[in-house]
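Pasting run-v5.txt here (compact mmCIF, C-alpha atoms):
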# COMPACT_ATOMS: atom_id res chain seq x y z
CA MET A 1 28.90 153.57 -9.88
CA LEU A 2 26.02 153.51 -7.41
CA LEU A 3 28.42 153.69 -4.47
CA ALA A 4 30.27 156.62 -6.06
CA ALA A 5 27.01 158.46 -6.59
CA CYS A 6 26.05 157.98 -2.94
CA THR A 7 29.19 159.77 -1.74
CA HIS A 8 27.83 163.04 -3.18
CA VAL A 9 24.54 162.91 -1.26
CA PRO A 10 24.74 165.37 1.67
CA PRO A 11 23.83 164.18 5.17
CA ARG A 12 20.17 164.68 6.04
CA ASN A 13 18.59 165.21 9.46
CA PRO A 14 16.00 162.50 10.26
CA LEU A 15 14.14 164.99 12.49
CA ALA A 16 12.83 166.91 9.45
CA GLU A 17 11.35 166.19 6.04
CA TRP A 18 13.95 166.78 3.32
CA VAL A 19 12.81 169.51 0.90
CA PRO A 20 16.09 170.53 -0.82
CA SER A 21 16.88 174.08 -1.93
CA PRO A 22 19.61 174.74 -4.56
CA ASN A 23 20.71 177.98 -2.83
CA GLN A 24 23.67 176.67 -0.82
CA ASP A 25 27.40 176.02 -0.60
CA GLU A 26 29.88 174.67 1.97
CA ARG A 27 30.49 176.15 5.42
CA ARG A 28 30.92 175.24 9.15
CA PRO A 29 28.23 176.36 11.61
CA VAL A 30 28.99 177.89 15.03
CA LEU A 31 25.77 179.89 15.43
CA VAL A 32 22.00 179.41 15.12
CA VAL A 33 19.99 182.35 13.74
CA ILE A 34 16.21 182.38 14.26
CA HIS A 35 13.86 184.14 11.82
CA PHE A 36 10.17 184.57 11.22
CA THR A 37 8.95 184.13 7.66
CA ASP A 38 6.55 187.11 7.54
CA GLN A 39 4.44 185.09 5.12
CA ASP A 40 1.00 183.48 5.13
CA SER A 41 1.72 179.74 5.16
CA VAL A 42 4.33 177.00 5.25
CA GLY A 43 3.65 176.28 1.57
CA GLN A 44 4.34 179.85 0.58
CA SER A 45 7.54 179.91 2.63
CA LEU A 46 8.75 176.60 1.19
CA ASP A 47 8.35 178.08 -2.29
CA THR A 48 10.19 181.28 -1.33
CA LEU A 49 13.04 179.46 0.40
CA ARG A 50 13.63 177.37 -2.72
CA SER A 51 13.49 180.32 -5.11
CA ARG A 52 13.84 183.99 -4.19
CA ASN A 53 12.26 186.98 -2.47
CA SER A 54 12.34 190.66 -3.44
CA GLY A 55 16.05 190.81 -2.59
CA GLY A 56 17.13 187.78 -4.64
CA PRO A 57 17.73 184.05 -3.99
CA VAL A 58 17.05 183.05 -0.39
CA SER A 59 17.08 179.84 1.63
CA ALA A 60 17.35 178.51 5.18
CA HIS A 61 18.36 175.21 6.70
CA TYR A 62 15.08 174.59 8.50
CA LEU A 63 11.49 175.77 8.47
CA ILE A 64 9.15 174.98 11.37
CA GLY A 65 5.41 175.22 10.90
CA ARG A 66 2.89 176.51 13.42
CA ASP A 67 1.97 172.91 14.21
CA GLY A 68 5.62 172.01 14.90
CA GLU A 69 6.32 170.13 11.66
CA ARG A 70 9.97 170.54 10.66
CA PHE A 71 11.28 170.84 7.11
CA GLN A 72 14.95 170.77 6.11
CA LEU A 73 15.83 172.66 2.93
CA VAL A 74 19.64 172.78 3.09
CA SER A 75 22.09 170.28 4.59
CA ASP A 76 23.68 171.31 7.89
CA GLN A 77 27.06 171.11 6.16
CA ARG A 78 26.08 173.58 3.45
CA ARG A 79 25.77 177.37 3.38
CA ALA A 80 22.20 178.68 3.22
CA TRP A 81 21.36 182.25 2.20
CA HIS A 82 19.36 183.47 5.18
CA GLY A 83 21.41 186.00 7.16
CA GLY A 84 22.64 188.54 4.63
CA ALA A 85 24.90 191.37 5.74
CA GLY A 86 25.37 191.34 9.49
CA ARG A 87 27.69 190.76 12.41
CA TRP A 88 27.72 188.93 15.73
CA GLY A 89 30.84 189.45 17.81
CA THR A 90 33.75 188.64 15.53
CA ILE A 91 31.55 186.77 13.03
CA THR A 92 31.14 188.94 9.95
CA ASP A 93 29.94 186.33 7.43
CA ILE A 94 26.74 185.14 9.07
CA ASN A 95 25.75 182.72 6.31
CA SER A 96 29.07 180.89 6.44
CA ALA A 97 28.99 180.48 10.22
CA SER A 98 25.37 179.71 11.03
CA ILE A 99 22.35 177.47 10.81
CA GLY A 100 19.25 179.41 9.72
CA VAL A 101 15.90 178.41 11.25
CA GLU A 102 12.73 179.99 9.87
CA LEU A 103 9.50 179.95 11.90
CA ASP A 104 6.18 180.14 10.09
CA ASN A 105 4.94 183.40 11.62
CA ASP A 106 3.48 186.57 10.10
CA GLY A 107 5.50 188.86 12.38
CA HIS A 108 2.48 189.98 14.41
CA SER A 109 1.17 186.79 16.03
CA PRO A 110 2.30 184.81 19.09
CA PHE A 111 4.38 181.72 18.43
CA PRO A 112 2.35 178.54 19.13
CA GLU A 113 3.48 176.17 21.87
CA ALA A 114 3.86 173.31 19.38
CA GLN A 115 6.19 175.41 17.24
CA ILE A 116 8.46 176.38 20.14
CA ASP A 117 8.46 172.81 21.47
CA SER A 118 9.62 171.65 18.03
CA LEU A 119 12.27 174.38 17.89
CA LEU A 120 13.67 173.26 21.25
CA VAL A 121 13.96 169.68 20.00
CA LEU A 122 15.84 170.93 16.93
CA LEU A 123 18.15 173.18 19.00
CA GLU A 124 19.00 170.26 21.28
CA ASP A 125 19.86 168.17 18.24
CA LEU A 126 21.97 170.88 16.59
CA SER A 127 23.93 171.68 19.73
CA ASP A 128 24.66 168.02 20.44
CA ARG A 129 25.36 166.84 16.92
CA LEU A 130 27.14 169.90 15.47
CA ARG A 131 28.64 171.04 18.78
CA ILE A 132 27.22 174.54 18.41
CA PRO A 133 27.50 176.30 21.79
CA ARG A 134 24.08 176.48 23.44
CA SER A 135 24.65 180.17 24.14
CA GLN A 136 25.10 180.87 20.42
CA VAL A 137 21.40 181.10 19.55
CA VAL A 138 20.41 184.56 18.31
CA GLY A 139 17.76 186.35 16.30
CA HIS A 140 18.07 187.84 12.83
CA SER A 141 17.60 191.29 14.36
CA ASP A 142 20.53 190.64 16.72
CA VAL A 143 22.95 190.16 13.83
CA ALA A 144 21.39 192.73 11.47
CA PRO A 145 19.63 195.31 13.68
CA SER A 146 19.59 198.03 11.01
CA ARG A 147 17.76 195.80 8.52
CA LYS A 148 15.72 193.21 10.38
CA VAL A 149 13.23 192.90 13.25
CA ASP A 150 12.65 189.13 13.30
CA PRO A 151 11.88 187.10 15.30
CA GLY A 152 10.42 190.18 17.01
CA PRO A 153 9.32 191.11 20.54
CA LEU A 154 6.74 188.30 20.70
CA PHE A 155 9.39 185.58 20.44
CA PRO A 156 9.77 183.74 23.82
CA TRP A 157 13.50 184.11 24.46
CA LYS A 158 13.03 183.45 28.19
CA ARG A 159 11.56 180.05 27.42
CA LEU A 160 14.59 179.19 25.30
CA ALA A 161 16.89 180.38 28.07
CA ASP A 162 15.05 178.22 30.61
CA ALA A 163 15.81 175.27 28.32
CA GLY A 164 19.49 176.28 28.19
CA PHE A 165 19.67 178.15 24.88
CA GLY A 166 20.85 181.69 24.30
CA VAL A 167 21.63 184.02 27.19
CA TRP A 168 19.38 185.63 29.78
CA PRO A 169 20.00 187.93 32.77
CA ALA A 170 19.51 186.79 36.33
CA GLU A 171 16.27 188.21 37.71
CA ASP A 172 17.93 189.31 40.96
CA SER A 173 21.02 190.89 39.38
CA PRO A 174 22.05 194.21 40.97
CA PRO A 175 22.38 197.55 39.18
CA PRO A 176 25.76 198.22 37.56
CA PRO A 177 28.55 199.95 39.48
CA PRO A 178 29.59 203.54 38.76
CA GLY A 179 31.52 203.84 35.52
CA PHE A 180 29.80 200.89 33.86
CA ASP A 181 29.88 201.34 30.06
CA PRO A 182 26.72 199.90 28.46
CA TRP A 183 28.07 200.29 24.92
CA LEU A 184 31.10 198.15 25.68
CA ALA A 185 28.72 195.67 27.29
CA LEU A 186 26.56 195.53 24.16
CA GLN A 187 29.68 194.75 22.15
CA ALA A 188 30.71 192.10 24.67
CA VAL A 189 27.33 190.39 24.27
CA GLY A 190 27.86 190.36 20.49
CA TYR A 191 26.05 193.39 19.09
CA SER A 192 27.45 195.77 16.49
CA LEU A 193 27.41 199.49 17.30
CA ALA A 194 27.33 200.62 13.66
CA ASP A 195 23.75 201.85 14.24
CA PRO A 196 23.34 202.37 18.01
CA ALA A 197 19.61 203.17 17.95
CA ALA A 198 18.84 200.05 15.91
CA THR A 199 21.01 197.94 18.20
CA VAL A 200 19.15 199.18 21.28
CA ARG A 201 15.84 198.36 19.55
CA ALA A 202 17.01 194.80 18.82
CA PHE A 203 18.27 194.44 22.40
CA ARG A 204 14.95 195.67 23.78
CA HIS A 205 12.99 193.27 21.58
CA ARG A 206 15.02 190.35 22.83
CA PHE A 207 15.43 191.04 26.52
CA ARG A 208 12.41 193.20 27.37
CA ALA A 209 9.83 192.42 24.64
CA SER A 210 9.35 196.15 24.19
CA GLU A 211 10.18 199.03 21.88
CA GLY A 212 12.78 201.73 22.42
CA SER A 213 15.96 203.12 20.95
CA ALA A 214 17.56 204.73 24.03
CA LEU A 215 19.09 202.89 26.97
CA ASP A 216 17.53 203.27 30.42
CA ALA A 217 18.41 202.00 33.90
CA GLU A 218 16.78 198.59 33.36
CA ASP A 219 18.74 198.10 30.14
CA LEU A 220 21.94 198.84 32.05
CA ARG A 221 21.01 196.35 34.77
CA ILE A 222 20.39 193.66 32.16
CA LEU A 223 23.64 194.41 30.34
CA TYR A 224 25.58 194.27 33.59
CA ALA A 225 23.95 190.93 34.44
CA LEU A 226 24.89 189.53 31.02
CA THR A 227 28.52 190.65 31.18
CA ARG A 228 29.55 190.72 34.86
CA PRO A 229 32.26 188.24 35.85
CA PRO A 230 30.90 185.11 37.51
CA VAL A 231 30.93 185.15 41.30
CA LEU A 232 33.14 182.31 42.46
CA PRO A 233 32.39 180.53 45.73
CA ALA A 234 34.61 181.47 48.63
CA THR A 235 37.48 179.08 49.26
CA THR A 236 37.79 177.79 52.78
CA VAL A 237 41.41 177.49 53.89
CA PRO A 238 41.88 174.71 56.43
CA PRO A 239 43.60 175.78 59.64
CA ALA A 240 47.29 175.05 59.85
CA GLU A 241 48.24 172.06 61.92
CA GLU A 242 49.84 172.88 65.21
CA VAL A 243 53.44 171.75 65.61
CA ASP A 244 54.57 170.51 69.03
As structure tokens, how would this structure be written, given the file I've shared?
Amino acid sequence: MLLAACTHVPPRNPLAEWVPSPNQDERRPVLVVIHFTDQDSVGQSLDTLRSRNSGGPVSAHYLIGRDGERFQLVSDQRRAWHGGAGRWGTITDINSASIGVELDNDGHSPFPEAQIDSLLVLLEDLSDRLRIPRSQVVGHSDVAPSRKVDPGPLFPWKRLADAGFGVWPAEDSPPPPPGFDPWLALQAVGYSLADPAATVRAFRHRFRASEGSALDAEDLRILYALTRPPVLPATTVPPAEEVD
């Protein structure tokens, strides 16, 4: 009987303290979505993520405190209720396809070094253990630009990119060629165009840490850098051997 009972215990990540939330069901993750809590403390967020907010029951897989302490609320193999309505590329059910990571942040303060260091450790673990592509790390505002702004313009996306997570444009990338379509490029990156102004705002937050709802020349350069075909090295053809 004890062995049978053990088979129903979900796997737990040893990198985080297990604080289970009942708001979950089964799914397979291919994406990591980063949030900020917009609350005052880890304790308050742990309570919310195991109960509900103003919109109803809510949860996330992980919560990382300002000091870097990690908490796991939902098993990686279960579906947490963190993303809501949204889209990323062809993914239209964010909760079923993603791991949700909440960062203890009020939405207006810089993210502490210890917190980002801890996040990078967790991302390395998730990508290795669950085989989530390292490029598939996004913000809540990326998948739901009309509704959400987290993790906001203060989140250090460049630091994540330097560690190999998410995507980032090359600093020396050239401007786009004539005829370049930035809206198709936004879709190619993963963004929805259901609300273009909100999408541009989310894009600006992520790649320029600034506000704005209209594309400019720098936005186009970044989009071209993110979507241009890779430049392959030239192939050297050996000279033909002479025949006597």
8 Å per side around stretch 188-202 of chain A: axis-aligned box centre and edge lengths, as lines of an AutoDock Vina configuration file:
center_x = 23.3
center_y = 196.8
center_z = 19.2
size_x = 30.9
size_y = 28.8
size_z = 27.0
Exercise for the section: Pull the neighbourhood of (10.3, 179.0, 1.3) for me: all residues within 12 Å in file coordinates, counting only C-alpha atoms, as number ranges by chain. Expected result: A: 19-23, 36-53, 57-65, 71-74, 81-82, 101-104
Could you save those same residues with C-alpha atoms as a PDB file, in the coordinates of the input?
ATOM      1  CA  VAL A  19      12.810 169.510   0.900  1.00  0.00           C
ATOM      2  CA  PRO A  20      16.090 170.530  -0.820  1.00  0.00           C
ATOM      3  CA  SER A  21      16.880 174.080  -1.930  1.00  0.00           C
ATOM      4  CA  PRO A  22      19.610 174.740  -4.560  1.00  0.00           C
ATOM      5  CA  ASN A  23      20.710 177.980  -2.830  1.00  0.00           C
ATOM      6  CA  PHE A  36      10.170 184.570  11.220  1.00  0.00           C
ATOM      7  CA  THR A  37       8.950 184.130   7.660  1.00  0.00           C
ATOM      8  CA  ASP A  38       6.550 187.110   7.540  1.00  0.00           C
ATOM      9  CA  GLN A  39       4.440 185.090   5.120  1.00  0.00           C
ATOM     10  CA  ASP A  40       1.000 183.480   5.130  1.00  0.00           C
ATOM     11  CA  SER A  41       1.720 179.740   5.160  1.00  0.00           C
ATOM     12  CA  VAL A  42       4.330 177.000   5.250  1.00  0.00           C
ATOM     13  CA  GLY A  43       3.650 176.280   1.570  1.00  0.00           C
ATOM     14  CA  GLN A  44       4.340 179.850   0.580  1.00  0.00           C
ATOM     15  CA  SER A  45       7.540 179.910   2.630  1.00  0.00           C
ATOM     16  CA  LEU A  46       8.750 176.600   1.190  1.00  0.00           C
ATOM     17  CA  ASP A  47       8.350 178.080  -2.290  1.00  0.00           C
ATOM     18  CA  THR A  48      10.190 181.280  -1.330  1.00  0.00           C
ATOM     19  CA  LEU A  49      13.040 179.460   0.400  1.00  0.00           C
ATOM     20  CA  ARG A  50      13.630 177.370  -2.720  1.00  0.00           C
ATOM     21  CA  SER A  51      13.490 180.320  -5.110  1.00  0.00           C
ATOM     22  CA  ARG A  52      13.840 183.990  -4.190  1.00  0.00           C
ATOM     23  CA  ASN A  53      12.260 186.980  -2.470  1.00  0.00           C
ATOM     24  CA  PRO A  57      17.730 184.050  -3.990  1.00  0.00           C
ATOM     25  CA  VAL A  58      17.050 183.050  -0.390  1.00  0.00           C
ATOM     26  CA  SER A  59      17.080 179.840   1.630  1.00  0.00           C
ATOM     27  CA  ALA A  60      17.350 178.510   5.180  1.00  0.00           C
ATOM     28  CA  HIS A  61      18.360 175.210   6.700  1.00  0.00           C
ATOM     29  CA  TYR A  62      15.080 174.590   8.500  1.00  0.00           C
ATOM     30  CA  LEU A  63      11.490 175.770   8.470  1.00  0.00           C
ATOM     31  CA  ILE A  64       9.150 174.980  11.370  1.00  0.00           C
ATOM     32  CA  GLY A  65       5.410 175.220  10.900  1.00  0.00           C
ATOM     33  CA  PHE A  71      11.280 170.840   7.110  1.00  0.00           C
ATOM     34  CA  GLN A  72      14.950 170.770   6.110  1.00  0.00           C
ATOM     35  CA  LEU A  73      15.830 172.660   2.930  1.00  0.00           C
ATOM     36  CA  VAL A  74      19.640 172.780   3.090  1.00  0.00           C
ATOM     37  CA  TRP A  81      21.360 182.250   2.200  1.00  0.00           C
ATOM     38  CA  HIS A  82      19.360 183.470   5.180  1.00  0.00           C
ATOM     39  CA  VAL A 101      15.900 178.410  11.250  1.00  0.00           C
ATOM     40  CA  GLU A 102      12.730 179.990   9.870  1.00  0.00           C
ATOM     41  CA  LEU A 103       9.500 179.950  11.900  1.00  0.00           C
ATOM     42  CA  ASP A 104       6.180 180.140  10.090  1.00  0.00           C
TER      43      ASP A 104
END
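Across the structure, atom CA of A:Pro176 and atom CA of A:Leu223 are spaced 8.4 Å apart.
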What are the closest atom pairs, with distances in Å to one decimal, for each residue of stretch 134-161 of chain A lying within 9 Å of stretch 193-208 of chain A, using all atoms listed in the file, rows by chain and rising residue number, as a tab-separated table?
residue	atom	partner	partner_atom	distance
A:Gly139	CA	A:Arg206	CA	8.1
A:Ser141	CA	A:Ala202	CA	5.7
A:Asp142	CA	A:Ala202	CA	5.8
A:Ala144	CA	A:Thr199	CA	8.5
A:Pro145	CA	A:Ala198	CA	5.3
A:Ser146	CA	A:Ala198	CA	5.4
A:Arg147	CA	A:Ala198	CA	8.6
A:Lys148	CA	A:Ala202	CA	8.7
A:Val149	CA	A:Ala202	CA	7.0
A:Pro151	CA	A:Arg206	CA	8.8
A:Gly152	CA	A:His205	CA	6.1
A:Pro153	CA	A:His205	CA	4.4
A:Leu154	CA	A:His205	CA	8.0
A:Phe155	CA	A:Arg206	CA	7.8
A:Pro156	CA	A:Arg206	CA	8.5
A:Trp157	CA	A:Arg206	CA	6.6
A:Lys158	CA	A:Phe207	CA	8.1
Handout entry: Who sits within 12 Å of A:Ala185, only C-alpha atoms, same chain under 6 positions skipped, as number ranges by chain
Key = A: 89, 176, 179, 191-193, 200, 203, 219-229
